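Chemist: What follows is entry.txt, made up of compact mmCIF, C-alpha atoms and all ligand atoms:
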```txt
# COMPACT_ATOMS: atom_id res chain seq x y z
CA MET H 1 -92.71 -169.17 -54.28
CA THR H 2 -91.06 -171.93 -56.24
CA ILE H 3 -87.61 -173.35 -56.25
CA GLY H 4 -86.23 -175.50 -59.00
CA TYR H 5 -85.87 -178.63 -56.93
CA SER H 6 -87.11 -180.15 -53.73
CA ILE H 7 -84.78 -179.51 -50.81
CA GLU H 8 -86.37 -182.37 -48.90
CA GLY H 9 -85.86 -184.65 -51.90
CA LEU H 10 -82.21 -183.73 -52.09
CA GLN H 11 -81.85 -184.32 -48.37
CA ARG H 12 -83.41 -187.77 -48.66
CA LYS H 13 -80.90 -188.60 -51.38
CA GLY H 14 -78.08 -186.93 -49.44
CA TRP H 15 -75.92 -190.05 -49.49
CA ARG H 16 -75.93 -190.01 -53.28
CA TYR H 17 -75.32 -186.29 -53.71
CA ARG H 18 -73.02 -186.09 -50.70
CA LEU H 19 -75.14 -183.32 -49.18
CA PRO H 20 -74.87 -182.71 -45.47
CA ARG H 21 -78.04 -182.82 -43.38
CA LEU H 22 -79.37 -179.29 -43.32
CA SER H 23 -80.67 -177.55 -40.24
CA SER H 24 -84.18 -176.12 -40.36
CA ALA H 25 -82.70 -172.60 -40.35
CA ALA H 26 -80.55 -173.50 -43.35
CA LEU H 27 -83.62 -174.87 -45.13
CA ASP H 28 -85.41 -171.58 -44.43
CA LEU H 29 -82.51 -169.70 -46.01
CA LEU H 30 -82.55 -171.91 -49.10
CA ALA H 31 -86.31 -171.66 -49.42
CA ILE H 32 -86.18 -167.85 -49.50
CA ALA H 33 -83.13 -167.59 -51.72
CA ASP H 34 -85.22 -166.82 -54.78
CA MET H 35 -87.85 -164.71 -53.04
CA SER H 36 -88.60 -161.49 -54.91
CA ASP H 37 -88.33 -158.03 -53.46
CA ASP H 38 -92.13 -157.74 -53.37
CA PRO H 39 -93.40 -156.22 -50.12
CA HIS H 40 -93.14 -158.90 -47.49
CA LEU H 41 -93.33 -159.49 -43.76
CA LEU H 42 -89.97 -160.34 -42.17
CA ILE H 43 -90.25 -162.71 -39.21
CA VAL H 44 -87.04 -162.77 -37.17
CA TRP H 45 -86.84 -165.37 -34.41
CA HIS H 46 -84.69 -166.85 -31.69
CA SER H 47 -85.50 -169.83 -29.52
CA ARG H 48 -83.59 -172.03 -27.09
CA THR H 49 -86.07 -174.76 -26.26
CA GLY H 50 -88.46 -174.56 -29.21
CA GLY H 51 -91.32 -172.41 -27.94
CA ALA H 52 -90.57 -169.21 -29.83
CA GLU H 53 -89.52 -171.20 -32.90
CA ALA H 54 -92.93 -172.90 -32.98
CA MET H 55 -94.57 -169.50 -32.56
CA ALA H 56 -92.57 -168.02 -35.45
CA ARG H 57 -93.36 -170.98 -37.69
CA ALA H 58 -97.07 -170.73 -36.86
CA ALA H 59 -96.99 -167.02 -37.75
CA LYS H 60 -95.25 -167.89 -41.03
CA ASP H 61 -97.96 -170.48 -41.75
CA GLY H 62 -100.55 -167.73 -41.31
CA ALA H 63 -98.70 -165.28 -43.54
CA GLY H 64 -97.83 -167.85 -46.23
CA ASP H 65 -95.46 -166.76 -48.98
CA ARG H 66 -95.97 -163.11 -48.05
CA ALA H 67 -93.47 -163.67 -45.23
CA ARG H 68 -89.77 -164.49 -44.89
CA LEU H 69 -88.79 -166.46 -41.81
CA LEU H 70 -85.23 -165.83 -40.66
CA TYR H 71 -83.29 -167.10 -37.68
CA CYS H 72 -81.84 -164.08 -35.83
CA ASP H 73 -78.21 -165.01 -36.60
CA ASP H 74 -79.05 -165.04 -40.32
CA ALA H 75 -80.93 -161.72 -40.31
CA GLY H 76 -79.41 -158.28 -40.61
CA PRO H 77 -79.78 -154.75 -41.95
CA ASP H 78 -80.33 -155.76 -45.60
CA ASP H 79 -83.23 -157.99 -44.59
CA LEU H 80 -84.81 -155.19 -42.57
CA LEU H 81 -84.44 -152.75 -45.45
CA ARG H 82 -86.07 -155.15 -47.94
CA ALA H 83 -89.11 -155.88 -45.76
CA ALA H 84 -92.30 -153.84 -45.45
CA ALA H 85 -93.27 -155.06 -41.97
CA TYR H 86 -91.72 -157.02 -39.12
CA LEU H 87 -92.60 -159.65 -36.56
CA PHE H 88 -90.00 -160.19 -33.83
CA VAL H 89 -90.29 -163.51 -32.00
CA CYS H 90 -88.08 -164.64 -29.09
CA PRO H 91 -88.08 -165.84 -25.49
CA GLU H 92 -87.92 -163.64 -22.44
CA ASN H 93 -84.73 -164.45 -20.50
CA LEU H 94 -83.91 -162.75 -17.20
CA ALA H 95 -86.63 -160.15 -17.84
CA THR H 96 -85.24 -159.10 -21.24
CA MET H 97 -85.25 -160.49 -24.75
CA SER H 98 -82.83 -163.41 -25.24
CA GLY H 99 -79.21 -162.44 -25.89
CA ALA H 100 -79.08 -163.83 -29.43
CA MET H 101 -82.11 -161.77 -30.41
CA LYS H 102 -80.55 -158.69 -28.81
CA GLU H 103 -77.41 -159.29 -30.85
CA PHE H 104 -79.53 -159.10 -34.03
CA PHE H 105 -80.85 -155.70 -32.92
CA ASP H 106 -77.38 -154.50 -31.82
CA ARG H 107 -75.93 -155.49 -35.21
CA SER H 108 -78.76 -153.90 -37.18
CA TYR H 109 -79.75 -150.80 -35.21
CA TYR H 110 -77.48 -148.11 -36.65
CA PRO H 111 -77.23 -149.40 -40.23
CA VAL H 112 -81.00 -148.99 -40.69
CA LEU H 113 -81.63 -146.02 -38.38
CA GLY H 114 -83.66 -143.40 -40.27
CA ARG H 115 -84.29 -145.76 -43.21
CA ILE H 116 -87.27 -147.83 -42.05
CA GLU H 117 -89.37 -145.21 -40.32
CA GLY H 118 -93.12 -145.74 -40.27
CA ARG H 119 -93.02 -149.47 -41.10
CA ALA H 120 -95.29 -151.83 -39.18
CA PHE H 121 -94.12 -154.22 -36.49
CA ALA H 122 -95.42 -156.63 -33.88
CA THR H 123 -93.89 -158.92 -31.27
CA ALA H 124 -94.51 -162.48 -30.08
CA ILE H 125 -92.70 -163.48 -26.89
CA ALA H 126 -92.29 -166.96 -25.40
CA ALA H 127 -92.30 -166.65 -21.62
CA GLY H 128 -92.16 -168.83 -18.55
CA SER H 129 -94.35 -166.54 -16.48
CA ASP H 130 -94.04 -162.93 -17.63
CA GLY H 131 -92.90 -161.71 -21.07
CA GLU H 132 -93.51 -158.00 -20.44
CA GLY H 133 -89.82 -157.14 -20.06
CA ALA H 134 -88.84 -158.49 -23.48
CA THR H 135 -91.86 -156.83 -25.06
CA ARG H 136 -90.98 -153.46 -23.52
CA GLN H 137 -87.37 -153.76 -24.61
CA ILE H 138 -88.27 -154.44 -28.25
CA ASP H 139 -90.82 -151.61 -28.11
CA ARG H 140 -88.09 -149.18 -27.09
CA ILE H 141 -85.84 -150.28 -29.95
CA ALA H 142 -88.77 -150.03 -32.38
CA GLN H 143 -89.50 -146.57 -31.04
CA GLY H 144 -85.92 -145.57 -31.86
CA TRP H 145 -86.45 -146.83 -35.39
CA ARG H 146 -89.82 -145.01 -35.51
CA LEU H 147 -91.67 -148.22 -36.34
CA LYS H 148 -95.43 -148.44 -35.84
CA ARG H 149 -96.88 -151.17 -33.59
CA VAL H 150 -99.88 -152.56 -35.46
CA ALA H 151 -100.91 -155.47 -33.22
CA ASP H 152 -101.13 -155.92 -29.47
CA PRO H 153 -98.12 -157.70 -27.94
CA LEU H 154 -98.55 -161.47 -28.10
CA ILE H 155 -97.09 -163.36 -25.12
CA VAL H 156 -97.34 -167.13 -24.88
CA ASN H 157 -96.84 -168.32 -21.33
CA PHE H 158 -95.28 -171.80 -21.35
CA ALA H 159 -95.56 -171.94 -17.56
CA ALA H 160 -91.92 -172.97 -17.12
CA GLN H 161 -90.70 -171.91 -13.71
CA THR H 162 -88.55 -174.73 -12.38
CA PRO H 163 -85.09 -175.43 -13.86
CA GLU H 164 -86.40 -178.74 -15.26
CA ALA H 165 -89.41 -177.12 -16.92
CA ILE H 166 -87.32 -174.24 -18.26
CA LEU H 167 -84.79 -176.59 -19.88
CA ALA H 168 -87.43 -178.93 -21.34
CA ALA H 169 -88.44 -178.79 -25.01
CA LYS H 170 -91.57 -176.70 -25.49
CA THR H 171 -94.74 -177.62 -27.35
CA LEU H 172 -97.07 -174.94 -28.65
CA GLY H 173 -100.67 -175.73 -27.75
CA HIS H 174 -103.55 -175.35 -30.18
CA PRO H 175 -105.03 -172.00 -29.01
CA ASP H 176 -101.59 -170.37 -28.90
CA ALA H 177 -100.63 -171.77 -32.30
CA THR H 178 -103.86 -170.33 -33.68
CA ALA H 179 -103.11 -166.94 -32.13
CA CYS H 180 -99.64 -166.89 -33.71
CA CYS H 181 -101.03 -168.03 -37.05
CA GLU H 182 -103.70 -165.32 -36.96
CA LEU H 183 -101.10 -162.69 -36.06
CA GLY H 184 -98.97 -163.66 -39.07
CA SER H 185 -102.02 -163.65 -41.30
CA ALA H 186 -103.24 -160.24 -40.06
CA LEU H 187 -99.81 -158.66 -40.47
CA ALA H 188 -99.42 -159.97 -44.00
CA GLU H 189 -102.97 -159.01 -44.93
CA GLY H 190 -102.61 -155.47 -43.56
CA MET H 191 -99.32 -155.07 -45.37
CA VAL H 192 -100.69 -156.27 -48.72
CA LEU H 193 -103.82 -154.10 -48.42
CA GLY H 194 -101.68 -151.09 -47.50
CA ILE H 195 -103.54 -150.60 -44.21
CA PHE H 196 -100.35 -150.01 -42.23
C1 LIG R 1 -81.90 -168.13 -18.49
C2 LIG R 1 -83.40 -168.07 -18.58
C3 LIG R 1 -84.04 -166.98 -18.03
C4 LIG R 1 -85.43 -166.90 -18.09
N1 LIG R 1 -86.04 -165.77 -17.61
C5 LIG R 1 -87.37 -165.61 -17.78
C6 LIG R 1 -87.99 -164.38 -17.40
O1 LIG R 1 -87.38 -163.44 -16.94
N2 LIG R 1 -89.34 -164.28 -17.57
C7 LIG R 1 -90.09 -165.29 -18.11
O2 LIG R 1 -91.31 -165.14 -18.25
N3 LIG R 1 -89.51 -166.47 -18.49
C8 LIG R 1 -88.18 -166.63 -18.35
N4 LIG R 1 -87.57 -167.80 -18.77
C9 LIG R 1 -88.40 -168.88 -19.33
C10 LIG R 1 -88.45 -168.82 -20.86
O3 LIG R 1 -88.88 -167.57 -21.30
C11 LIG R 1 -89.43 -169.87 -21.36
O4 LIG R 1 -88.95 -171.14 -21.00
C12 LIG R 1 -89.65 -169.79 -22.87
O5 LIG R 1 -90.67 -170.66 -23.21
C13 LIG R 1 -88.42 -170.17 -23.63
O6 LIG R 1 -88.65 -169.99 -25.00
P1 LIG R 1 -87.95 -170.95 -26.06
O7 LIG R 1 -88.58 -172.31 -25.87
O8 LIG R 1 -88.28 -170.36 -27.37
O9 LIG R 1 -86.49 -170.97 -25.78
C14 LIG R 1 -86.20 -167.91 -18.72
C15 LIG R 1 -85.51 -169.02 -19.27
C16 LIG R 1 -84.14 -169.08 -19.21
C17 LIG R 1 -83.43 -170.25 -19.86
```
Do you think you could lay out the structure here as structure tokens?
Ligand SMILES: Cc1cc2nc3c(=O)[nH]c(=O)nc-3n(C[C@H](O)[C@H](O)[C@H](O)COP(=O)(O)O)c2cc1C
Modeler:
Amino acid sequence: MTIGYSIEGLQRKGWRYRLPRLSSAALDLLAIADMSDDPHLLIVWHSRTGGAEAMARAAKDGAGDRARLLYCDDAGPDDLLRAAAYLFVCPENLATMSGAMKEFFDRSYYPVLGRIEGRAFATAIAAGSDGEGATRQIDRIAQGWRLKRVADPLIVNFAAQTPEAILAAKTLGHPDATACCELGSALAEGMVLGIF
């Protein structure tokens, strides 16, 4: 994927071009603005303290330009319709997926119902100790959409159980980053080869 100018370059020169500093999610949106409608993996993510974001970015690294990475607030029905496969990445909060991620599903569920049946999906959940509740919840939504789970649920346990640990910024360790990267790569590969 190419874009006609370097976003980072423009940001560095922001004072001259009077550009605001762009958030990483805004940069993701700009970077995909010219992406074709070729079959691609859509990675939708939410994160509060950085764990799930790092997981989603590692998965995107594995999938390369066969994937679009979208923050949940920026993703919706049109993005789901354009994609061939999905990876949903978010934290588990209070035994369910995080509220912002749920809002993405609430907003998108009926507009795409019956229109994405049979497409492949997988999940990657950032957890403090569990992660099963969020996984189950997304599975039930995916079942309603008649999606096909093509990879075992990935749960990264950040071992955050005290208020201090839960509120702290998260760092994705090497083995977990590799697992997320391999998941992204496998999903993109399976999609391109038509295995799913
Ligand atoms: C309000 C709240 C509720 C949480 N509830 C759970 C939970 O039910 N199960 C769990 O495993 N972790 C729980 N956690 C811990 C988060 O899942 C964990 O910190 C995760 O790494 C956060 O991901 P993030 O860094 O992408 O925001 C909770 C965290 C918060 C802030």
Chemist: Given 8 Å of margin on each side, can you work out the centre and size in Å (one decimal) of an axis-aligned box holding every listed atom of ligand LIG 1 (chain R), as lines of an AutoDock Vina configuration file?
Modeler:
```
center_x = -86.6
center_y = -167.9
center_z = -22.2
size_x = 25.4
size_y = 24.9
size_z = 26.4
```
Chemist: Select, from H:Ala179, H:Leu87, H:Leu41, H:Met55, the residue with the minimum atom-to-atom distance to ligand LIG 1 (chain R), counting only C-alpha atoms and all ligand atoms.
Modeler: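 That would be H:Met55, the residue with the smallest distance to ligand LIG 1 (chain R).
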Chemist: Please report the interatomic distance between CA of Val156 (chain H) and CA of Arg66 (chain H) in Å with one decimal.
Modeler: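 According to the coordinates, CA of Val156 (chain H) and CA of Arg66 (chain H) are separated by 23.6 Å.
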Chemist: By how many Å are CA of Leu183 (chain H) and CA of Ala59 (chain H) apart?
Modeler: 6.2 Å
Chemist: Excluding region 118-123 of chain H and its own-chain neighbours fewer than 5 positions away, which residues fall within 10 Å of it when counting only C-alpha atoms? Please give them as a VMD selection string.
Modeler: chain H and resid 41 to 44 83 to 90 134 to 136 138 to 139 142 to 143 145 to 155 183 to 184 187 190 to 191 195 to 196
Chemist: Provide the CA of Ala95 (chain H) to atom O4 of ligand LIG 1 (chain R) distance in Å, to one decimal place.
Modeler: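 According to the coordinates, CA of Ala95 (chain H) and atom O4 of ligand LIG 1 (chain R) are separated by 11.7 Å.
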Chemist: Just want the 9 Å neighbourhood of Lys170 (chain H), counted on only C-alpha atoms, with same-chain residues fewer than 3 positions away dropped. Output as number ranges by chain.
Modeler: H: 49-52, 54, 158, 165-167
Chemist: Which neighbours of region 76-80 of chain H fall inside 8 Å, counting only C-alpha atoms, when residues of the same chain fewer than 6 positions from it are skipped, and could you give them as a PyMOL selection string?
Modeler: chain H and resi 42+86+104+107-109+111-112+116
Chemist: Go ahead and write the residues just picked, C-alpha atoms, as a PDB file, keeping the file's coordinate frame.
Modeler:
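Generated file (result-v1.pdb):
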```pdb
ATOM      1  CA  LEU H  42     -89.970-160.340 -42.170  1.00  0.00           C
ATOM      2  CA  TYR H  86     -91.720-157.020 -39.120  1.00  0.00           C
ATOM      3  CA  PHE H 104     -79.530-159.100 -34.030  1.00  0.00           C
ATOM      4  CA  ARG H 107     -75.930-155.490 -35.210  1.00  0.00           C
ATOM      5  CA  SER H 108     -78.760-153.900 -37.180  1.00  0.00           C
ATOM      6  CA  TYR H 109     -79.750-150.800 -35.210  1.00  0.00           C
ATOM      7  CA  PRO H 111     -77.230-149.400 -40.230  1.00  0.00           C
ATOM      8  CA  VAL H 112     -81.000-148.990 -40.690  1.00  0.00           C
ATOM      9  CA  ILE H 116     -87.270-147.830 -42.050  1.00  0.00           C
TER      10      ILE H 116
END
```
Chemist: Would you mind telling me which residue in H:Gly131, H:Gly173, H:Gly114, H:Pro163 lies nearest to ligand LIG 1 (chain R) when using all atoms listed in the file?
Modeler: H:Gly131
Chemist: Using only C-alpha atoms and all ligand atoms, find the one residue out of H:Glu189, H:Glu92, H:Glu103, H:Asp73 that sits nearest to ligand LIG 1 (chain R).
Modeler: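 Closest to ligand LIG 1 (chain R), using only C-alpha atoms and all ligand atoms: H:Glu92.
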Chemist: Between H:Asp65, H:Asp130, H:Glu117, H:Glu53, which has the minimum distance to His40 (chain H) (counting all atoms listed in the file)?
Modeler: H:Asp65
Chemist: Using only C-alpha atoms and all ligand atoms, which of H:Ala124, H:Leu172, H:Ala160, H:Ala188 sits nearest ligand LIG 1 (chain R)?
Modeler: H:Ala160
Chemist: Go through H:Gly128, H:Gly133, H:Gly144, H:Pro175 one by one, measure the shortest atom-to-atom distance of each to ligand LIG 1 (chain R) using all atoms listed in the file, and give the residue with the smallest value.
Modeler: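 Selected residue with least distance to ligand LIG 1 (chain R): H:Gly128.
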